[in-house]
Amino acid sequence: MSSDPLDMAGLEDGIAHFEPKPGGLAARAAAGAAAPYLKGLNPEQRAAVETTDGPLLVLAGAGTGKTRVLTTRLAHLLHTAKAWPGQILAVTFTNKAAREMKDRIGQLIGGVVEGMTWLGTFHSIGVKILRRHAELAGLKSDFSILDTDDQIRLLKQIIAAHGLDEKRWPARQLAGHIDGWKNRGLTPDKVPAGEAAAYGNGKGGEIYAEYQQRLKILNAADFGDLLLESLRMFQENPDVLAEYQRRFKYMLVDEYQDTNVVQYLWLRLLAQQSQNICCVGDDDQSIYGWRGAEVDNILRFEKDFPGAKVIRLEQNYRSTPHILGAASGLIANNEGRLGKTLRTEINDGEKLTLRGHWDGDEEARAIGDDLEGLQRHGKNLNDTAILVRASFQMRAFEDRFITLGLPYRVIGGPRFYERQEIRDAMAYFKVLMSPDNDLAFERIINVPKRGIGDTSVKKMHAHARRNQTSLFRAAQMLAETDEFTPKTRKSLSDLLMSFSRWRQMETGMPHTELAEIILDESGYTQMWQNNKSADAEGRLENLKELVRSMQEFENMAGFLEHVSLVMDTDTQESDDKVNLMTLHSAKGLEFDTVFLPGWEEGLFPHQRSLDENGRAGLEEERRLAYVGITRAKQQAYISFAQNRRIHNQWQTALPSRFIDELPEAHVDTDPMSTSYGGYSIGGFGESGSRFEDLSPFSNTYATPGWQRAKERKQRGEMMRSTPHIIEGELVARDTAETTAFEKGERIFHQKFGYGIITGIDGNKLSIAFEKAGDKRVLDSFVTRA
DNA sequence: CTGGAGGATCTTTTT
DNA sequence: GATCCTCCAG
């Protein structure tokens with residue numbers, strides 16, 4: 001999403017801003033003289049830029065100048081006057097990518113590009129289209145966008161209304177299913193019966209349908225809807241579709257390997273007319289299968305678009321030959337790739353360094369030492385990064401860096417707009433702008449505490465439903481009656497009056513000032529000021545920051561729209577700091593020195609990935625490893641620990657199978673690497689495997705996790721990716737999940753000691769403990785005495 | 001209705 | 001270890 005506030009206001013394409021002059025650059029390019037922006041491109045890159053018409057797939061390996069090609073291509077289209085800015089659709093996955101593209105086009109053609117209305121993320125473009133035609137999707141044009149949190153809260157209400165046990169059927173799980181369905185383009189009526197039945201005793205489909213209805217009533221859309229609904233709108237309204245097909249003369253898609261089914265269908269529909277679609281991607285960097293991305297989309301591009309050209313970018317400008325060699329050797333273990341061979345012209349450089357450690361803390365110490373060493377040698381910390389598989393790994397590093405006083409930054413960590421205080425404040429603003437936003441109103445009706453508890457809110461809900469109106473209006477009505485206790489009634493009318501007061505002030509003052517007034521008068525600021533906990537101060541600071549960031553927007557509405565789509569705040573830090581992030585968020589970045597810790601079976605490849613998706617899961621993990629290594633320009637350090645604390649419990653792990661897959665020629669084992677467990681690492685045994693002693697499972701698919709996954713498959717218990725099997729089995733297993741215990745049995749509980757079972761409800765046991773008295777406990781916490 | 005205590009659950013990745 | 005949730009006393 002663009003950070004240009006004008007965009008938010010829904011400004012029209014702004015074609016007038018861009019007027020190539022006859023005889024100018026356009027004519028020059030047409031006449032064959034090489035335009036300046038083409039200089040320095042290699043032949044493949046140049047072909048990718050100049051092949052403007054017809055379907056084109058650019059397979060861009062890591063570090064091959066993908067962004068450069070994309071932006072140059074855009075500039076080329078503009079310069080040769082093939083299209084106005086408003087006639088080009090350019091989609092990316094992240095806001096960052098969109099922003100970067102916009103900036104770089106600006107640099108290429110000099111000055112800021114105006115009118116690139118359709119450059120943005122899938123989601124932001126989806127919203128833009130959906131708002132224009134909201135009524136065709138059963139919404140009003142000012143519909144609100146739910147984030148995951150709202151989504152789950154709403155689902156909880158519906159689930160409870162269906163009388164399902166929240167414990168057994170977590171809303172989170174259903175939210176995951178619904179997201180998955182939406183990613184695959186499945187509206188409630190299209191979900192395969194078996195899948196819909198797998199949740200909530202067969203009620204999954206029903207609840208999904210009801211959820212969709214509720215969204216319409218709330219005048220809201222969730223993330224998945226932004227695309228699914230705009231796709232459906234196109235499918236059901238050929239005239240509108242035709243308008244957009246005509247409008248988009250050229251289409252550009254970044255990170256094509258990450259598109260899911262909806263995105264794919266959406267793109268294909270829009271490209272049908274012009275056929276001028278250029279998709280750029282790298283099948284080896286597809287790492288978002290878990291959220292619905294289909295590598296298949298890239299693998300079958302040529303089938304989908306007959307006559308498509310394919311251009312491979314294989315000249316790498318980033319890494320040393322050792323880094324490329326190691327990465328290529330690793331990824332060669334994957335089947336089902338399109339295949340690329342990366343070349344580099346760099347011919348020196350060090351091998352990758354491999355190290356083993358006793359535990360995660362030692363690993364963090366070693367990397368901390370390395371970083372200090374690099375710093376002493378005048379290296380910039382900004383050019384270094386630690387890439388972890390799972391975010392819990394970050395803690396060890398943060399702890400270590402704090403003790404060392406080594407500056408670091410976490411990229412992609414907990415997001416600013418997801419913090420509680422920010423979401424609360426936003427809810428106030430949302431209610432101000434649209435009082436019918438029930439979810440927002442419910443969020444703040446009793447925050448800070450004003451004596452309006454669950455019972456009162458329930459009454460309002462009931463009243464709202466009876467009168468087919470919103471919660472806010474129901475509250476207004478009930479505040480006039482004797483429905484509530486005097487105290488409750490008083491504070492409710494106070495709140496409602498505050499809102500009408502604020503709404504009146506809205507026109508008379510800057511929105512930032514109003515925001516401050518709201519936070520003060522509502523008592524929200526006070527609430528945190530009174531709070532004694534350690535983070536209260538930080539929260540107040542965040543609230544200030546929130547108001548500050550509103551300044552960049554013309555009005556409150558523009559700001560709210562921005563926030564629902566752009567969940568990150570890009571504070572451009574200039575300080576010199578080590579970068580700490582997950583492998584996923586590292587895609588697209590590069591660093592001189594990269595540390596890749598935690599290469600252990602079970603963690604990387606992640607056990608869950610193997611369990612749930614078997615071989616496909618393993619290959620995605622391997623691509624993740626490939627992404628990790630190829631982030632490095634000069635040096636990569638891979639390490640593993642024998643012991644790691646997970647869940648506050650020590651676990652022993654074997655070195656990752658990926659380590660064995662790295663070609664020896666490109667890897668050095670650190671001589672300082674401590675020997676451990678009685679084995680010395682670093683010696684190359686006769687058989688060639690450096691970790692033969694440690695890793696008895698040199699056969700790639702013989703490790704414990706894989707074996708488990710395979711056994712499960714044979715037993716037919718799999719798995720999310722093979723939905724047809726789910727039907728009877730899972731449902732049967734879950735509903736039949738009564739406990740193996742019987743009434744009257746004597747049991748033992750870790751905390752409460754011995755007791756007798758007095759009652760059973762599903763997997764919950766009522767137990768009379770000898771010492772601790774009567775308790776209700778889950779059966780998994782007790783054993784037979 | 002509020003607040004505290006204690007139990008349960010969880011940590012893969014995100015627009 | 002942290003956070004969410006439920007239950008219970010005031």
# chains A, B, ... in the order shown; residues from 1 in each chain; ligands from 1
>>> closest_atom_pairs(of="chain C", to="chain A", cutoff="12 Å", atoms="only C-alpha atoms (C1' of nucleotides)", output="tab-separated table")
residue	atom	partner	partner_atom	distance
C:DG1	C1'	A:Asn648	CA	7.6
C:DA2	C1'	A:His647	CA	10.9
C:DC4	C1'	A:Lys167	CA	12.0
C:DC5	C1'	A:Lys167	CA	10.0
C:DT6	C1'	A:Arg776	CA	11.2
C:DC7	C1'	A:Arg776	CA	10.8
>>> interface_residues(of="chain A", to="chain B", cutoff="7 Å", atoms="only C-alpha atoms (C1' of nucleotides)", output="CSV table (one decimal) with N, CA, C and O atoms, in the first residue's frame")
chain,number,residue,atom,x,y,z
A,93,PHE,N,3.4,-8.5,-2.9
A,93,PHE,CA,2.9,-9.2,-1.7
A,93,PHE,C,3.0,-8.3,-0.5
A,93,PHE,O,2.1,-8.3,0.4
A,94,THR,N,4.0,-7.6,-0.4
A,94,THR,CA,4.2,-6.8,0.8
A,94,THR,C,4.2,-5.3,0.5
A,94,THR,O,4.4,-4.9,-0.6
A,123,HIS,N,-3.9,-7.1,-1.6
A,123,HIS,CA,-5.0,-6.7,-0.7
A,123,HIS,C,-5.4,-5.3,-0.9
A,123,HIS,O,-6.6,-5.0,-1.0
A,390,ALA,N,12.2,-20.1,13.8
A,390,ALA,CA,11.0,-19.8,14.6
A,390,ALA,C,11.3,-18.6,15.6
A,390,ALA,O,12.4,-18.5,16.1
A,392,PHE,N,10.7,-18.0,18.6
A,392,PHE,CA,11.2,-18.2,20.0
A,392,PHE,C,12.7,-18.2,20.1
A,392,PHE,O,13.3,-18.0,21.1
A,451,GLY,N,-18.1,-0.1,34.4
A,451,GLY,CA,-19.2,-0.7,35.0
A,451,GLY,C,-20.2,-1.3,34.0
A,451,GLY,O,-21.4,-1.5,34.4
A,453,GLY,N,-20.7,-4.4,32.2
A,453,GLY,CA,-20.1,-5.7,32.1
A,453,GLY,C,-20.8,-6.6,31.0
A,453,GLY,O,-21.6,-6.1,30.2
A,584,HIS,N,11.5,-16.3,7.1
A,584,HIS,CA,10.4,-15.8,6.2
A,584,HIS,C,10.5,-14.3,5.9
A,584,HIS,O,10.3,-13.9,4.8
>>> select_by_dssp(residues="range 447-592 of chain A", states="strand (DSSP E)", output="PyMOL selection string")
chain A and resi 578-582+591-592
>>> write_last_selection(atoms="N, CA and C atoms", output="PDB file, in the first residue's frame")
ATOM      1  N   VAL A 578      22.560  -4.946  14.539  1.00  0.00           N
ATOM      2  CA  VAL A 578      22.427  -6.285  13.976  1.00  0.00           C
ATOM      3  C   VAL A 578      20.958  -6.541  13.663  1.00  0.00           C
ATOM      4  N   ASN A 579      20.680  -7.199  12.549  1.00  0.00           N
ATOM      5  CA  ASN A 579      19.303  -7.492  12.192  1.00  0.00           C
ATOM      6  C   ASN A 579      18.925  -8.891  12.643  1.00  0.00           C
ATOM      7  N   LEU A 580      17.823  -8.992  13.336  1.00  0.00           N
ATOM      8  CA  LEU A 580      17.362 -10.272  13.848  1.00  0.00           C
ATOM      9  C   LEU A 580      15.966 -10.516  13.313  1.00  0.00           C
ATOM     10  N   MET A 581      15.787 -11.637  12.617  1.00  0.00           N
ATOM     11  CA  MET A 581      14.454 -11.890  12.023  1.00  0.00           C
ATOM     12  C   MET A 581      14.277 -13.358  11.676  1.00  0.00           C
ATOM     13  N   THR A 582      13.056 -13.713  11.313  1.00  0.00           N
ATOM     14  CA  THR A 582      12.810 -15.071  10.862  1.00  0.00           C
ATOM     15  C   THR A 582      13.237 -15.205   9.408  1.00  0.00           C
ATOM     16  N   PHE A 591      22.530  -9.404   3.005  1.00  0.00           N
ATOM     17  CA  PHE A 591      23.474  -8.929   4.012  1.00  0.00           C
ATOM     18  C   PHE A 591      24.857  -9.470   3.696  1.00  0.00           C
ATOM     19  N   ASP A 592      25.880  -8.757   4.096  1.00  0.00           N
ATOM     20  CA  ASP A 592      27.238  -9.258   3.888  1.00  0.00           C
ATOM     21  C   ASP A 592      27.430 -10.573   4.626  1.00  0.00           C
TER      22      ASP A 592
END
>>> select_by_dssp(residues="range 506-676 of chain A", states="alpha helix (DSSP H)", output="ChimeraX atom specification")
/A:511-521,524-530,536-550,556-565,583-586,607-630,657-661
>>> residues_around(residues="Ser456 in chain A", least_positions_apart="5", cutoff="12 Å", atoms="only C-alpha atoms (C1' of nucleotides)", output="VMD selection string")
(chain A and resid 442 445 to 446 450 to 451 461 to 463 471 474 to 475 478 to 479 483 to 485 487 to 489 491 to 492) or (chain B and resid 1)
>>> residues_around(residues="Ala586 in chain A", least_positions_apart="5", cutoff="8 Å", atoms="only C-alpha atoms (C1' of nucleotides)", output="list in words")
Leu387, Met581, Val627, Gly628 and Arg631 of chain A
>>> write_last_selection(atoms="all heavy atoms", output="PDB file, in the first residue's frame")
ATOM      1  N   LEU A 387      19.237 -15.106  11.020  1.00  0.00           N
ATOM      2  CA  LEU A 387      17.961 -15.560  10.484  1.00  0.00           C
ATOM      3  C   LEU A 387      17.553 -16.848  11.173  1.00  0.00           C
ATOM      4  O   LEU A 387      18.237 -17.859  11.067  1.00  0.00           O
ATOM      5  CB  LEU A 387      18.078 -15.787   8.974  1.00  0.00           C
ATOM      6  CG  LEU A 387      18.732 -14.659   8.182  1.00  0.00           C
ATOM      7  CD1 LEU A 387      18.740 -14.993   6.689  1.00  0.00           C
ATOM      8  CD2 LEU A 387      18.012 -13.339   8.410  1.00  0.00           C
ATOM      9  N   MET A 581      15.787 -11.637  12.617  1.00  0.00           N
ATOM     10  CA  MET A 581      14.454 -11.890  12.023  1.00  0.00           C
ATOM     11  C   MET A 581      14.277 -13.358  11.676  1.00  0.00           C
ATOM     12  O   MET A 581      15.208 -14.150  11.754  1.00  0.00           O
ATOM     13  CB  MET A 581      14.297 -11.048  10.763  1.00  0.00           C
ATOM     14  CG  MET A 581      15.180 -11.490   9.611  1.00  0.00           C
ATOM     15  SD  MET A 581      15.235 -10.278   8.294  1.00  0.00           S
ATOM     16  CE  MET A 581      16.670  -9.332   8.771  1.00  0.00           C
ATOM     17  N   VAL A 627      16.616 -19.999   0.785  1.00  0.00           N
ATOM     18  CA  VAL A 627      16.422 -18.555   0.930  1.00  0.00           C
ATOM     19  C   VAL A 627      17.423 -18.010   1.950  1.00  0.00           C
ATOM     20  O   VAL A 627      18.082 -16.993   1.715  1.00  0.00           O
ATOM     21  CB  VAL A 627      14.977 -18.221   1.374  1.00  0.00           C
ATOM     22  CG1 VAL A 627      14.868 -16.766   1.813  1.00  0.00           C
ATOM     23  CG2 VAL A 627      14.002 -18.496   0.256  1.00  0.00           C
ATOM     24  N   GLY A 628      17.574 -18.719   3.052  1.00  0.00           N
ATOM     25  CA  GLY A 628      18.479 -18.261   4.099  1.00  0.00           C
ATOM     26  C   GLY A 628      19.905 -18.099   3.603  1.00  0.00           C
ATOM     27  O   GLY A 628      20.518 -17.039   3.764  1.00  0.00           O
ATOM     28  N   ARG A 631      20.745 -15.239   1.173  1.00  0.00           N
ATOM     29  CA  ARG A 631      20.714 -13.851   1.637  1.00  0.00           C
ATOM     30  C   ARG A 631      22.128 -13.311   1.807  1.00  0.00           C
ATOM     31  O   ARG A 631      22.337 -12.115   1.912  1.00  0.00           O
ATOM     32  CB  ARG A 631      20.012 -13.720   3.000  1.00  0.00           C
ATOM     33  CG  ARG A 631      18.536 -14.063   3.059  1.00  0.00           C
ATOM     34  CD  ARG A 631      17.751 -13.433   1.986  1.00  0.00           C
ATOM     35  NE  ARG A 631      17.650 -14.344   0.841  1.00  0.00           N
ATOM     36  CZ  ARG A 631      17.257 -13.959  -0.355  1.00  0.00           C
ATOM     37  NH1 ARG A 631      16.920 -12.731  -0.581  1.00  0.00           N
ATOM     38  NH2 ARG A 631      17.194 -14.833  -1.345  1.00  0.00           N
TER      39      ARG A 631
END
